[in-house]
file data05.cif (mmCIF, C-alpha atoms)
data_model
loop_
_atom_site.group_PDB
_atom_site.id
_atom_site.type_symbol
_atom_site.label_atom_id
_atom_site.label_comp_id
_atom_site.auth_asym_id
_atom_site.auth_seq_id
_atom_site.Cartn_x
_atom_site.Cartn_y
_atom_site.Cartn_z
ATOM 1 C CA MET A 248 -3.270 210.257 -29.769
ATOM 2 C CA VAL A 249 -3.724 213.949 -30.483
ATOM 3 C CA SER A 250 -4.133 216.434 -27.635
ATOM 4 C CA SER A 251 -5.609 219.498 -29.364
ATOM 5 C CA PRO A 252 -7.719 220.498 -32.383
ATOM 6 C CA HIS A 253 -4.684 222.179 -33.985
ATOM 7 C CA GLU A 254 -2.650 219.010 -33.642
ATOM 8 C CA ALA A 255 -5.464 216.848 -35.012
ATOM 9 C CA MET A 256 -5.676 218.835 -38.239
ATOM 10 C CA HIS A 257 -2.104 218.021 -39.240
ATOM 11 C CA GLN A 258 -1.270 214.889 -37.259
ATOM 12 C CA ILE A 259 -3.972 212.994 -39.130
ATOM 13 C CA PHE A 260 -1.412 212.934 -41.951
ATOM 14 C CA ARG A 261 0.970 211.132 -39.603
ATOM 15 C CA GLU A 262 -1.714 208.616 -38.711
ATOM 16 C CA ASP A 263 -2.489 208.121 -42.410
ATOM 17 C CA PRO A 264 0.499 209.407 -44.459
ATOM 18 C CA ARG A 265 -1.151 208.692 -47.821
ATOM 19 C CA LEU A 266 -4.245 210.697 -46.897
ATOM 20 C CA PHE A 267 -3.064 213.780 -48.806
ATOM 21 C CA ALA A 268 -2.981 211.765 -52.047
ATOM 22 C CA ARG A 269 -6.675 210.918 -51.593
ATOM 23 C CA ALA A 270 -7.750 214.323 -50.297
ATOM 24 C CA LEU A 271 -6.112 216.607 -52.870
ATOM 25 C CA PRO A 272 -7.947 215.169 -55.907
ATOM 26 C CA LYS A 273 -11.242 215.811 -54.094
ATOM 27 C CA ALA A 274 -10.262 219.499 -54.156
ATOM 28 C CA GLY A 275 -9.213 219.382 -57.805
ATOM 29 C CA ILE A 276 -5.494 219.499 -56.971
ATOM 30 C CA ALA A 277 -3.162 217.065 -58.719
ATOM 31 C CA LEU A 278 0.234 215.915 -57.436
ATOM 32 C CA PRO A 279 2.170 212.887 -58.692
ATOM 33 C CA GLU A 280 0.888 209.576 -57.346
ATOM 34 C CA PRO A 281 3.115 208.419 -54.456
ATOM 35 C CA THR A 282 4.788 205.030 -54.354
ATOM 36 C CA GLU A 283 6.183 205.575 -50.860
ATOM 37 C CA VAL A 284 5.619 208.163 -48.126
ATOM 38 C CA GLN A 285 7.965 208.715 -45.160
ATOM 39 C CA LEU A 286 7.593 210.883 -42.077
ATOM 40 C CA LEU A 287 10.533 213.239 -41.567
ATOM 41 C CA ASP A 288 11.789 215.292 -38.611
ATOM 42 C CA THR A 289 9.783 218.513 -38.336
ATOM 43 C CA ASP A 290 12.607 220.477 -36.680
ATOM 44 C CA LEU A 291 13.923 223.090 -39.125
ATOM 45 C CA THR A 292 16.077 224.908 -36.563
ATOM 46 C CA GLU A 293 19.568 225.957 -37.644
ATOM 47 C CA ILE A 294 22.639 226.420 -35.429
ATOM 48 C CA ARG A 295 21.387 229.893 -34.566
ATOM 49 C CA PRO A 296 19.065 229.913 -31.516
ATOM 50 C CA LEU A 297 15.928 230.471 -33.601
ATOM 51 C CA GLU A 298 13.461 227.607 -33.356
ATOM 52 C CA ARG A 299 11.327 226.862 -36.392
ATOM 53 C CA ARG A 300 9.140 223.808 -36.794
ATOM 54 C CA VAL A 301 6.772 222.821 -39.531
ATOM 55 C CA ASP A 302 3.677 220.963 -38.247
ATOM 56 C CA THR A 303 4.135 217.757 -40.265
ATOM 57 C CA LEU A 304 6.738 216.848 -42.873
ATOM 58 C CA LEU A 305 6.523 213.986 -45.380
ATOM 59 C CA ARG A 306 8.927 212.723 -48.016
ATOM 60 C CA VAL A 307 6.953 211.492 -51.006
ATOM 61 C CA ASP A 308 8.483 209.177 -53.616
ATOM 62 C CA THR A 309 6.811 208.701 -57.001
ATOM 63 C CA ALA A 310 7.338 206.285 -59.858
ATOM 64 C CA ASP A 311 7.815 208.789 -62.693
ATOM 65 C CA ASN A 312 8.340 212.195 -61.080
ATOM 66 C CA GLY A 313 11.086 211.607 -58.549
ATOM 67 C CA SER A 314 10.675 212.600 -54.901
ATOM 68 C CA TYR A 315 9.409 215.724 -53.177
ATOM 69 C CA LEU A 316 8.755 217.014 -49.670
ATOM 70 C CA LEU A 317 5.289 217.846 -48.391
ATOM 71 C CA ALA A 318 5.295 220.367 -45.525
ATOM 72 C CA ILE A 319 1.861 220.417 -43.859
ATOM 73 C CA GLU A 320 0.696 223.362 -41.762
ATOM 74 C CA MET A 321 -2.584 223.773 -39.891
ATOM 75 C CA GLN A 322 -3.714 227.404 -39.975
ATOM 76 C CA GLY A 323 -6.619 228.499 -37.779
ATOM 77 C CA ARG A 324 -6.565 232.228 -38.593
ATOM 78 C CA ARG A 325 -4.794 234.887 -40.622
ATOM 79 C CA ASP A 326 -1.278 235.454 -39.326
ATOM 80 C CA PRO A 327 0.895 238.186 -40.889
ATOM 81 C CA ASP A 328 4.056 236.386 -39.741
ATOM 82 C CA LYS A 329 3.242 233.111 -41.492
ATOM 83 C CA PRO A 330 4.239 234.057 -45.067
ATOM 84 C CA ASN A 331 7.776 234.752 -43.857
ATOM 85 C CA SER A 332 7.857 231.472 -41.915
ATOM 86 C CA TRP A 333 6.515 229.463 -44.845
ATOM 87 C CA THR A 334 9.067 230.962 -47.205
ATOM 88 C CA TYR A 335 11.824 230.068 -44.760
ATOM 89 C CA TYR A 336 10.504 226.515 -44.366
ATOM 90 C CA LEU A 337 10.564 225.819 -48.091
ATOM 91 C CA ALA A 338 13.971 227.421 -48.709
ATOM 92 C CA HIS A 339 15.495 225.562 -45.770
ATOM 93 C CA LEU A 340 13.952 222.240 -46.772
ATOM 94 C CA TYR A 341 15.227 222.592 -50.319
ATOM 95 C CA ALA A 342 18.739 223.386 -49.084
ATOM 96 C CA LYS A 343 18.730 220.579 -46.491
ATOM 97 C CA TYR A 344 17.220 217.721 -48.499
ATOM 98 C CA GLU A 345 17.865 218.893 -52.076
ATOM 99 C CA LEU A 346 14.310 217.891 -52.943
ATOM 100 C CA PRO A 347 11.527 220.157 -54.256
ATOM 101 C CA PRO A 348 9.205 221.146 -51.388
ATOM 102 C CA VAL A 349 5.438 221.659 -51.501
ATOM 103 C CA LEU A 350 3.547 223.577 -48.794
ATOM 104 C CA LEU A 351 0.101 222.206 -47.882
ATOM 105 C CA VAL A 352 -1.995 224.426 -45.585
ATOM 106 C CA VAL A 353 -5.142 222.951 -44.006
ATOM 107 C CA CYS A 354 -7.837 225.305 -42.714
ATOM 108 C CA GLN A 355 -11.257 225.092 -41.060
ATOM 109 C CA ASP A 356 -12.813 228.275 -42.419
ATOM 110 C CA LYS A 357 -13.087 229.783 -45.887
ATOM 111 C CA THR A 358 -11.674 233.196 -44.962
ATOM 112 C CA THR A 359 -8.435 231.729 -43.637
ATOM 113 C CA ALA A 360 -8.206 229.295 -46.560
ATOM 114 C CA SER A 361 -8.566 232.133 -49.077
ATOM 115 C CA TRP A 362 -5.859 234.143 -47.323
ATOM 116 C CA ALA A 363 -3.502 231.146 -47.106
ATOM 117 C CA ALA A 364 -3.855 230.437 -50.835
ATOM 118 C CA GLU A 365 -2.501 233.857 -51.838
ATOM 119 C CA PRO A 366 0.904 233.600 -53.559
ATOM 120 C CA ILE A 367 3.863 234.892 -51.573
ATOM 121 C CA ARG A 368 6.257 236.962 -53.676
ATOM 122 C CA ILE A 369 9.548 238.250 -52.288
ATOM 123 C CA GLY A 370 11.682 240.821 -54.071
ATOM 124 C CA PRO A 371 11.467 244.396 -55.368
ATOM 125 C CA SER A 372 8.427 245.416 -57.375
ATOM 126 C CA THR A 373 10.362 244.975 -60.595
ATOM 127 C CA HIS A 374 11.626 241.476 -59.848
ATOM 128 C CA THR A 375 10.369 238.496 -57.848
ATOM 129 C CA SER A 376 13.303 236.646 -56.305
ATOM 130 C CA ILE A 377 11.262 234.006 -54.465
ATOM 131 C CA ALA A 378 7.652 232.952 -55.027
ATOM 132 C CA VAL A 379 5.655 230.557 -52.867
ATOM 133 C CA PHE A 380 2.362 229.092 -54.022
ATOM 134 C CA PRO A 381 0.720 227.248 -51.105
ATOM 135 C CA VAL A 382 -1.619 224.331 -51.747
ATOM 136 C CA VAL A 383 -4.672 224.747 -49.508
ATOM 137 C CA LEU A 384 -7.311 222.310 -48.281
ATOM 138 C CA GLY A 385 -10.330 223.829 -46.572
ATOM 139 C CA PRO A 386 -14.120 223.748 -46.420
ATOM 140 C CA ASP A 387 -14.357 225.640 -49.709
ATOM 141 C CA ASN A 388 -12.641 222.989 -51.837
ATOM 142 C CA LEU A 389 -12.797 219.727 -49.850
ATOM 143 C CA PRO A 390 -16.283 218.208 -50.212
ATOM 144 C CA ALA A 391 -18.275 217.400 -47.095
ATOM 145 C CA ILE A 392 -19.163 213.710 -46.770
ATOM 146 C CA ILE A 393 -22.756 213.246 -45.645
ATOM 147 C CA ASP A 394 -23.380 209.719 -46.927
ATOM 148 C CA PRO A 395 -22.586 206.939 -44.419
ATOM 149 C CA ASP A 396 -21.634 204.454 -47.134
ATOM 150 C CA GLU A 397 -19.201 206.920 -48.674
ATOM 151 C CA ALA A 398 -17.796 207.726 -45.231
ATOM 152 C CA ALA A 399 -17.208 204.036 -44.498
ATOM 153 C CA GLN A 400 -15.205 203.584 -47.712
ATOM 154 C CA ASP A 401 -12.386 205.819 -46.452
ATOM 155 C CA LEU A 402 -12.556 206.565 -42.729
ATOM 156 C CA GLY A 403 -9.334 208.597 -42.692
ATOM 157 C CA LEU A 404 -10.528 210.913 -45.436
ATOM 158 C CA SER A 405 -13.973 211.157 -43.848
ATOM 159 C CA VAL A 406 -12.505 212.116 -40.471
ATOM 160 C CA PHE A 407 -10.294 214.748 -42.092
ATOM 161 C CA SER A 408 -13.263 216.120 -44.053
ATOM 162 C CA ALA A 409 -15.322 216.352 -40.848
ATOM 163 C CA LEU A 410 -12.555 218.237 -39.023
ATOM 164 C CA THR A 411 -12.099 220.551 -42.006
ATOM 165 C CA HIS A 412 -15.828 221.353 -41.916
ATOM 166 C CA ALA A 413 -15.894 221.755 -38.113
ATOM 167 C CA LYS A 414 -17.252 225.318 -38.489
ATOM 168 C CA ASP A 415 -19.673 224.444 -41.295
ATOM 169 C CA PRO A 416 -23.446 224.780 -40.596
ATOM 170 C CA ALA A 417 -23.791 221.314 -42.170
ATOM 171 C CA LEU A 418 -21.560 219.762 -39.488
ATOM 172 C CA PRO A 419 -24.419 217.830 -37.759
ATOM 173 C CA ALA A 420 -25.180 215.972 -41.008
ATOM 174 C CA ILE A 421 -21.471 215.313 -41.595
ATOM 175 C CA LEU A 422 -20.966 213.923 -38.083
ATOM 176 C CA ASP A 423 -24.167 211.882 -38.339
ATOM 177 C CA ALA A 424 -22.859 210.108 -41.444
ATOM 178 C CA LEU A 425 -19.457 209.567 -39.861
ATOM 179 C CA ALA A 426 -20.917 208.213 -36.619
ATOM 180 C CA THR A 427 -22.962 205.694 -38.591
ATOM 181 C CA ALA A 428 -19.880 204.613 -40.555
ATOM 182 C CA LEU A 429 -17.774 204.160 -37.405
ATOM 183 C CA VAL A 430 -20.457 202.217 -35.562
ATOM 184 C CA ASP A 431 -20.921 199.913 -38.557
ATOM 185 C CA THR A 432 -17.155 199.431 -38.806
ATOM 186 C CA GLY A 433 -16.504 198.797 -35.104
ATOM 187 C CA GLY A 434 -13.220 197.542 -33.689
ATOM 188 C CA GLU A 435 -10.162 199.391 -32.440
ATOM 189 C CA ILE A 436 -9.716 201.450 -35.609
ATOM 190 C CA ALA A 437 -13.192 202.929 -35.224
ATOM 191 C CA LYS A 438 -12.585 203.560 -31.521
ATOM 192 C CA ASP A 439 -9.348 205.400 -32.312
ATOM 193 C CA TRP A 440 -10.957 207.554 -35.000
ATOM 194 C CA ALA A 441 -13.890 208.384 -32.710
ATOM 195 C CA GLU A 442 -11.509 209.691 -30.043
ATOM 196 C CA PHE A 443 -9.495 211.542 -32.683
ATOM 197 C CA ILE A 444 -12.659 213.314 -33.864
ATOM 198 C CA GLU A 445 -13.778 214.279 -30.368
ATOM 199 C CA ILE A 446 -10.458 215.943 -29.608
ATOM 200 C CA GLY A 447 -10.128 217.448 -33.071
ATOM 201 C CA LEU A 448 -13.517 219.151 -32.977
ATOM 202 C CA GLY A 449 -12.395 221.299 -30.055
ATOM 203 C CA ASP A 450 -15.568 223.292 -29.473
ATOM 204 C CA PRO A 451 -17.453 221.904 -26.429
ATOM 205 C CA ARG A 452 -20.809 222.082 -28.207
ATOM 206 C CA THR A 453 -19.687 220.102 -31.235
ATOM 207 C CA ARG A 454 -17.864 217.614 -29.008
ATOM 208 C CA ALA A 455 -21.095 217.118 -27.046
ATOM 209 C CA LEU A 456 -22.965 216.632 -30.319
ATOM 210 C CA TRP A 457 -20.449 213.973 -31.358
ATOM 211 C CA ARG A 458 -20.740 212.147 -28.023
ATOM 212 C CA ASN A 459 -24.533 212.148 -28.241
ATOM 213 C CA LEU A 460 -24.492 210.850 -31.806
ATOM 214 C CA MET A 461 -22.197 207.961 -30.926
ATOM 215 C CA ALA A 462 -24.243 207.083 -27.852
ATOM 216 C CA THR A 463 -27.513 207.238 -29.823
ATOM 217 C CA TYR A 464 -26.346 204.984 -32.622
ATOM 218 C CA THR A 465 -24.713 202.377 -30.424
ATOM 219 C CA SER A 466 -27.715 202.180 -28.079
ATOM 220 C CA ARG A 467 -29.913 201.135 -31.019
ATOM 221 C CA PHE A 468 -27.947 197.949 -31.494
ATOM 222 C CA PRO A 469 -27.298 196.318 -28.095
ATOM 223 C CA GLY A 470 -25.173 193.203 -28.262
ATOM 224 C CA SER A 471 -23.714 194.149 -31.647
ATOM 225 C CA GLY A 472 -20.136 194.545 -30.387
ATOM 226 C CA THR A 473 -19.886 198.117 -31.602
ATOM 227 C CA LEU A 474 -17.185 200.481 -30.522
ATOM 228 C CA ILE A 475 -18.974 202.384 -27.743
ATOM 229 C CA GLU A 476 -20.593 199.241 -26.401
ATOM 230 C CA GLU A 477 -17.205 197.519 -26.240
ATOM 231 C CA THR A 478 -15.841 200.508 -24.320
ATOM 232 C CA ARG A 479 -18.723 200.424 -21.841
ATOM 233 C CA LEU A 480 -18.335 196.688 -21.276
ATOM 234 C CA GLN A 481 -14.614 197.009 -20.667
ATOM 235 C CA SER A 482 -15.082 199.967 -18.326
ATOM 236 C CA ARG A 483 -17.772 198.243 -16.242
ATOM 237 C CA ALA A 484 -15.727 195.025 -15.980
ATOM 238 C CA GLU A 485 -12.697 197.023 -14.815
ATOM 239 C CA ASP A 486 -14.881 198.804 -12.239
ATOM 240 C CA ILE A 487 -15.999 195.453 -10.800
ATOM 241 C CA LEU A 488 -12.460 194.112 -10.571
ATOM 242 C CA ARG A 489 -11.193 197.316 -9.005
ATOM 243 C CA LEU A 490 -13.995 197.343 -6.419
ATOM 244 C CA LEU A 491 -13.310 193.736 -5.445
ATOM 245 C CA THR A 492 -9.580 194.433 -5.172
ATOM 246 C CA LEU A 493 -10.110 197.509 -3.005
ATOM 247 C CA ARG A 494 -12.337 195.441 -0.700
ATOM 248 C CA GLY A 495 -9.588 192.840 -0.352
ATOM 249 C CA ILE A 496 -11.532 190.053 -2.101
ATOM 250 C CA ASP A 497 -9.469 187.431 -3.920
ATOM 251 C CA ILE A 498 -10.293 187.093 -7.620
ATOM 252 C CA PRO A 499 -9.436 183.673 -9.099
ATOM 253 C CA GLU A 500 -8.369 183.703 -12.742
ATOM 254 C CA ALA A 501 -11.543 181.911 -13.853
ATOM 255 C CA ALA A 502 -13.705 184.590 -12.195
ATOM 256 C CA ARG A 503 -11.585 187.366 -13.697
ATOM 257 C CA GLU A 504 -12.004 185.874 -17.186
ATOM 258 C CA ARG A 505 -15.761 185.500 -16.655
ATOM 259 C CA ILE A 506 -16.083 189.160 -15.676
ATOM 260 C CA THR A 507 -13.895 190.575 -18.463
ATOM 261 C CA GLY A 508 -15.461 188.261 -21.029
ATOM 262 C CA CYS A 509 -19.059 189.174 -20.225
ATOM 263 C CA ALA A 510 -20.811 190.884 -23.163
ATOM 264 C CA ASP A 511 -24.007 191.876 -21.343
ATOM 265 C CA LEU A 512 -24.155 195.278 -19.630
ATOM 266 C CA GLU A 513 -27.160 194.294 -17.496
ATOM 267 C CA THR A 514 -25.322 191.281 -16.093
ATOM 268 C CA LEU A 515 -22.237 193.382 -15.401
ATOM 269 C CA GLY A 516 -24.452 195.899 -13.627
ATOM 270 C CA THR A 517 -25.821 193.159 -11.376
ATOM 271 C CA TRP A 518 -22.319 191.917 -10.592
ATOM 272 C CA PHE A 519 -21.192 195.454 -9.767
ATOM 273 C CA ASP A 520 -24.083 195.928 -7.339
ATOM 274 C CA ARG A 521 -23.266 192.634 -5.632
ATOM 275 C CA ALA A 522 -19.547 193.497 -5.486
ATOM 276 C CA VAL A 523 -20.387 196.369 -3.128
ATOM 277 C CA THR A 524 -21.395 193.974 -0.303
ATOM 278 C CA ALA A 525 -20.057 190.557 -1.365
ATOM 279 C CA THR A 526 -17.688 188.744 0.973
ATOM 280 C CA GLY A 527 -16.423 186.471 -1.790
ATOM 281 C CA VAL A 528 -16.307 186.609 -5.562
ATOM 282 C CA GLU A 529 -18.624 183.573 -5.856
ATOM 283 C CA GLU A 530 -21.494 185.697 -4.500
ATOM 284 C CA LEU A 531 -21.431 187.747 -7.729
ATOM 285 C CA PHE A 532 -22.463 184.719 -9.774
ATOM 286 C CA ALA A 533 -25.083 183.216 -7.439
ATOM 287 C CA ASP A 534 -28.268 182.095 -9.238
ATOM 288 C CA MET A 535 -26.805 183.109 -12.605
#
call {"tool": "encode", "arguments": {"input": "data05.cif", "output": "structure tokens"}}
result
Amino acid sequence: MVSSPHEAMHQIFREDPRLFARALPKAGIALPEPTEVQLLDTDLTEIRPLERRVDTLLRVDTADNGSYLLAIEMQGRRDPDKPNSWTYYLAHLYAKYELPPVLLVVCQDKTTASWAAEPIRIGPSTHTSIAVFPVVLGPDNLPAIIDPDEAAQDLGLSVFSALTHAKDPALPAILDALATALVDTGGEIAKDWAEFIEIGLGDPRTRALWRNLMATYTSRFPGSGTLIEETRLQSRAEDILRLLTLRGIDIPEAARERITGCADLETLGTWFDRAVTATGVEELFADM
């Protein structure tokens, strides 16, 4: 799982390596359709003690256009040192793998995206020796997804779109649609994406908004087995078992299965209250 907003913006392509092939057409950018995508080592350091790492690196194989490398960088602001680094990355990748490289820069604001899209030309004014043309995905060319049905059709793309628009005034509507899609989907995949979004948003206010949205939607459908409800059930069951263990009370396997298999938060709440004073596990289930 990701540990920072910066990491989330590029590692999502590791979680879903074919995501770029679905995202780029939304921005009007065409690359050959992949037949296979492989994650590669991101370490571009040479023998010299100068460490250089691209954020995420993919090898993309196609049916009719050979193979190429996709170097993915998350850029949160203008950085005068980046053009030199990006030029190095591409030259080194081409020399190392003997495959044509493509640089994809993902951004969360239009100003940075516009800067990142500027061609990089190296050489005297009369002759360009090296030229780099970054491909950029940002809030200016990747559409926001505000329809829950559309969001549910491609959760990976919807999550990436939401993170890309994290600074967009329309973010509440985007997150609302995504929360609905995740709750309707349920299961571990929805749980993982929900956590990915919370970390990827970064800003405490937007993270709080996301938490409130998920809590609101799941509370409307008690007993539906949705992602947040499943998490609450599991957490409360674990609390009961831990409390009993700390109090030195033996927990037979049948009782353990009954507690962990309970799908009613109110019942689990009653069992937790009884676990505080119970002298035996059977007292939890009395009259129930």
call {"tool": "residues_around", "arguments": {"input": "data05.cif", "residues": "Thr517 (chain A)", "least_positions_apart": "3", "cutoff": "12 Å", "atoms": "all atoms listed in the file", "output": "PyMOL selection string"}}
result
chain A and resi 483-484+487+506+509+511-514+520-525+530-535
call {"tool": "atom_distance", "arguments": {"input": "data05.cif", "atom1": "CA of Pro499 (chain A)", "atom2": "CA of Glu529 (chain A)"}}
result
9.7 Å
call {"tool": "resolve_selection", "arguments": {"input": "data05.cif", "expression": "the PyMOL selection byres ((chain A and resi 413) around 12)", "output": "count of residues only"}}
result
41
call {"tool": "axis_aligned_box", "arguments": {"input": "data05.cif", "around": "region 381-384 of chain A", "padding_each_side": "6 Å", "output": "JSON"}}
result
{"center_x": -3.3, "center_y": 224.8, "center_z": -50.0, "size_x": 20.0, "size_y": 16.9, "size_z": 15.5}
call {"tool": "residues_near_point", "arguments": {"input": "data05.cif", "point": "(-17.4, 193.7, -21.2)", "cutoff": "6 Å", "atoms": "only C-alpha atoms", "output": "PyMOL selection string"}}
result
chain A and resi 480-481+484+507-510
call {"tool": "closest_residue", "arguments": {"input": "data05.cif", "among": "A:Pro347, A:Pro371, A:Pro395, A:Pro279", "to": "Ala426 (chain A)", "atoms": "only C-alpha atoms"}}
result
A:Pro395
call {"tool": "atom_distance", "arguments": {"input": "data05.cif", "atom1": "CA of Val379 (chain A)", "atom2": "CA of Thr289 (chain A)"}}
result
19.3 Å
call {"tool": "residues_around", "arguments": {"input": "data05.cif", "residues": "region 366-370 of chain A", "least_positions_apart": "5", "cutoff": "9 Å", "atoms": "only C-alpha atoms", "output": "JSON, numbers by chain"}}
result
{"A": [330, 331, 334, 375, 376, 377, 378, 379, 380, 381]}
call {"tool": "atom_distance", "arguments": {"input": "data05.cif", "atom1": "CA of Leu384 (chain A)", "atom2": "CA of Val353 (chain A)"}}
result
4.8 Å
call {"tool": "resolve_selection", "arguments": {"input": "data05.cif", "expression": "the PyMOL selection byres ((chain A and resi 282) around 10)", "output": "PyMOL selection string"}}
result
chain A and resi 265+279-281+283-284+307-311+314
call {"tool": "decode", "arguments": {"input": "data05.cif", "residues": "region 318-326 of chain A", "atoms": "all heavy atoms", "output": "PDB file, in the first residue's frame"}}
result
ATOM      1  N   ALA A 318       8.346   5.577 -18.809  1.00  0.00           N
ATOM      2  CA  ALA A 318       8.864   6.102 -17.551  1.00  0.00           C
ATOM      3  C   ALA A 318       7.834   7.081 -16.995  1.00  0.00           C
ATOM      4  O   ALA A 318       7.499   8.067 -17.650  1.00  0.00           O
ATOM      5  CB  ALA A 318      10.194   6.811 -17.777  1.00  0.00           C
ATOM      6  N   ILE A 319       7.325   6.804 -15.791  1.00  0.00           N
ATOM      7  CA  ILE A 319       6.247   7.599 -15.209  1.00  0.00           C
ATOM      8  C   ILE A 319       6.782   8.399 -14.034  1.00  0.00           C
ATOM      9  O   ILE A 319       7.392   7.850 -13.109  1.00  0.00           O
ATOM     10  CB  ILE A 319       5.086   6.700 -14.752  1.00  0.00           C
ATOM     11  CG1 ILE A 319       4.576   5.866 -15.934  1.00  0.00           C
ATOM     12  CG2 ILE A 319       3.956   7.539 -14.155  1.00  0.00           C
ATOM     13  CD1 ILE A 319       3.564   4.806 -15.540  1.00  0.00           C
ATOM     14  N   GLU A 320       6.559   9.700 -14.079  1.00  0.00           N
ATOM     15  CA  GLU A 320       7.003  10.611 -13.024  1.00  0.00           C
ATOM     16  C   GLU A 320       5.813  11.389 -12.482  1.00  0.00           C
ATOM     17  O   GLU A 320       4.992  11.890 -13.244  1.00  0.00           O
ATOM     18  CB  GLU A 320       8.023  11.606 -13.589  1.00  0.00           C
ATOM     19  CG  GLU A 320       9.407  11.032 -13.809  1.00  0.00           C
ATOM     20  CD  GLU A 320      10.241  11.084 -12.543  1.00  0.00           C
ATOM     21  OE1 GLU A 320      10.740  12.160 -12.206  1.00  0.00           O
ATOM     22  OE2 GLU A 320      10.383  10.035 -11.894  1.00  0.00           O
ATOM     23  N   MET A 321       5.714  11.483 -11.146  1.00  0.00           N
ATOM     24  CA  MET A 321       4.725  12.346 -10.529  1.00  0.00           C
ATOM     25  C   MET A 321       5.392  13.679 -10.245  1.00  0.00           C
ATOM     26  O   MET A 321       6.458  13.726  -9.627  1.00  0.00           O
ATOM     27  CB  MET A 321       4.194  11.721  -9.228  1.00  0.00           C
ATOM     28  CG  MET A 321       2.985  12.452  -8.638  1.00  0.00           C
ATOM     29  SD  MET A 321       3.385  13.997  -7.835  1.00  0.00           S
ATOM     30  CE  MET A 321       1.790  14.694  -7.534  1.00  0.00           C
ATOM     31  N   GLN A 322       4.799  14.775 -10.707  1.00  0.00           N
ATOM     32  CA  GLN A 322       5.387  16.092 -10.508  1.00  0.00           C
ATOM     33  C   GLN A 322       4.385  16.997  -9.804  1.00  0.00           C
ATOM     34  O   GLN A 322       3.317  17.290 -10.338  1.00  0.00           O
ATOM     35  CB  GLN A 322       5.802  16.698 -11.855  1.00  0.00           C
ATOM     36  CG  GLN A 322       6.733  17.879 -11.743  1.00  0.00           C
ATOM     37  CD  GLN A 322       8.058  17.520 -11.079  1.00  0.00           C
ATOM     38  OE1 GLN A 322       8.572  16.420 -11.240  1.00  0.00           O
ATOM     39  NE2 GLN A 322       8.603  18.449 -10.313  1.00  0.00           N
ATOM     40  N   GLY A 323       4.733  17.433  -8.574  1.00  0.00           N
ATOM     41  CA  GLY A 323       3.811  18.244  -7.797  1.00  0.00           C
ATOM     42  C   GLY A 323       4.006  19.746  -7.959  1.00  0.00           C
ATOM     43  O   GLY A 323       3.144  20.529  -7.558  1.00  0.00           O
ATOM     44  N   ARG A 324       5.134  20.154  -8.553  1.00  0.00           N
ATOM     45  CA  ARG A 324       5.396  21.586  -8.740  1.00  0.00           C
ATOM     46  C   ARG A 324       6.474  21.752  -9.805  1.00  0.00           C
ATOM     47  O   ARG A 324       7.126  20.790 -10.210  1.00  0.00           O
ATOM     48  CB  ARG A 324       5.885  22.208  -7.424  1.00  0.00           C
ATOM     49  CG  ARG A 324       7.121  21.530  -6.859  1.00  0.00           C
ATOM     50  CD  ARG A 324       7.607  22.180  -5.581  1.00  0.00           C
ATOM     51  NE  ARG A 324       8.721  21.442  -4.983  1.00  0.00           N
ATOM     52  CZ  ARG A 324       9.985  21.537  -5.382  1.00  0.00           C
ATOM     53  NH1 ARG A 324      10.308  22.352  -6.397  1.00  0.00           N
ATOM     54  NH2 ARG A 324      10.937  20.835  -4.790  1.00  0.00           N
ATOM     55  N   ARG A 325       6.657  22.985 -10.242  1.00  0.00           N
ATOM     56  CA  ARG A 325       7.736  23.275 -11.188  1.00  0.00           C
ATOM     57  C   ARG A 325       9.079  23.037 -10.512  1.00  0.00           C
ATOM     58  O   ARG A 325       9.270  23.412  -9.358  1.00  0.00           O
ATOM     59  CB  ARG A 325       7.650  24.734 -11.651  1.00  0.00           C
ATOM     60  CG  ARG A 325       6.416  25.060 -12.473  1.00  0.00           C
ATOM     61  CD  ARG A 325       6.283  26.567 -12.658  1.00  0.00           C
ATOM     62  NE  ARG A 325       7.415  27.102 -13.407  1.00  0.00           N
ATOM     63  CZ  ARG A 325       7.366  27.504 -14.669  1.00  0.00           C
ATOM     64  NH1 ARG A 325       6.228  27.429 -15.337  1.00  0.00           N
ATOM     65  NH2 ARG A 325       8.420  27.989 -15.276  1.00  0.00           N
ATOM     66  N   ASP A 326       9.984  22.405 -11.227  1.00  0.00           N
ATOM     67  CA  ASP A 326      11.303  22.102 -10.674  1.00  0.00           C
ATOM     68  C   ASP A 326      12.334  22.315 -11.777  1.00  0.00           C
ATOM     69  O   ASP A 326      12.370  21.555 -12.745  1.00  0.00           O
ATOM     70  CB  ASP A 326      11.348  20.658 -10.173  1.00  0.00           C
ATOM     71  CG  ASP A 326      12.680  20.307  -9.510  1.00  0.00           C
ATOM     72  OD1 ASP A 326      13.651  21.055  -9.681  1.00  0.00           O
ATOM     73  OD2 ASP A 326      12.738  19.275  -8.830  1.00  0.00           O
TER      74      ASP A 326
END
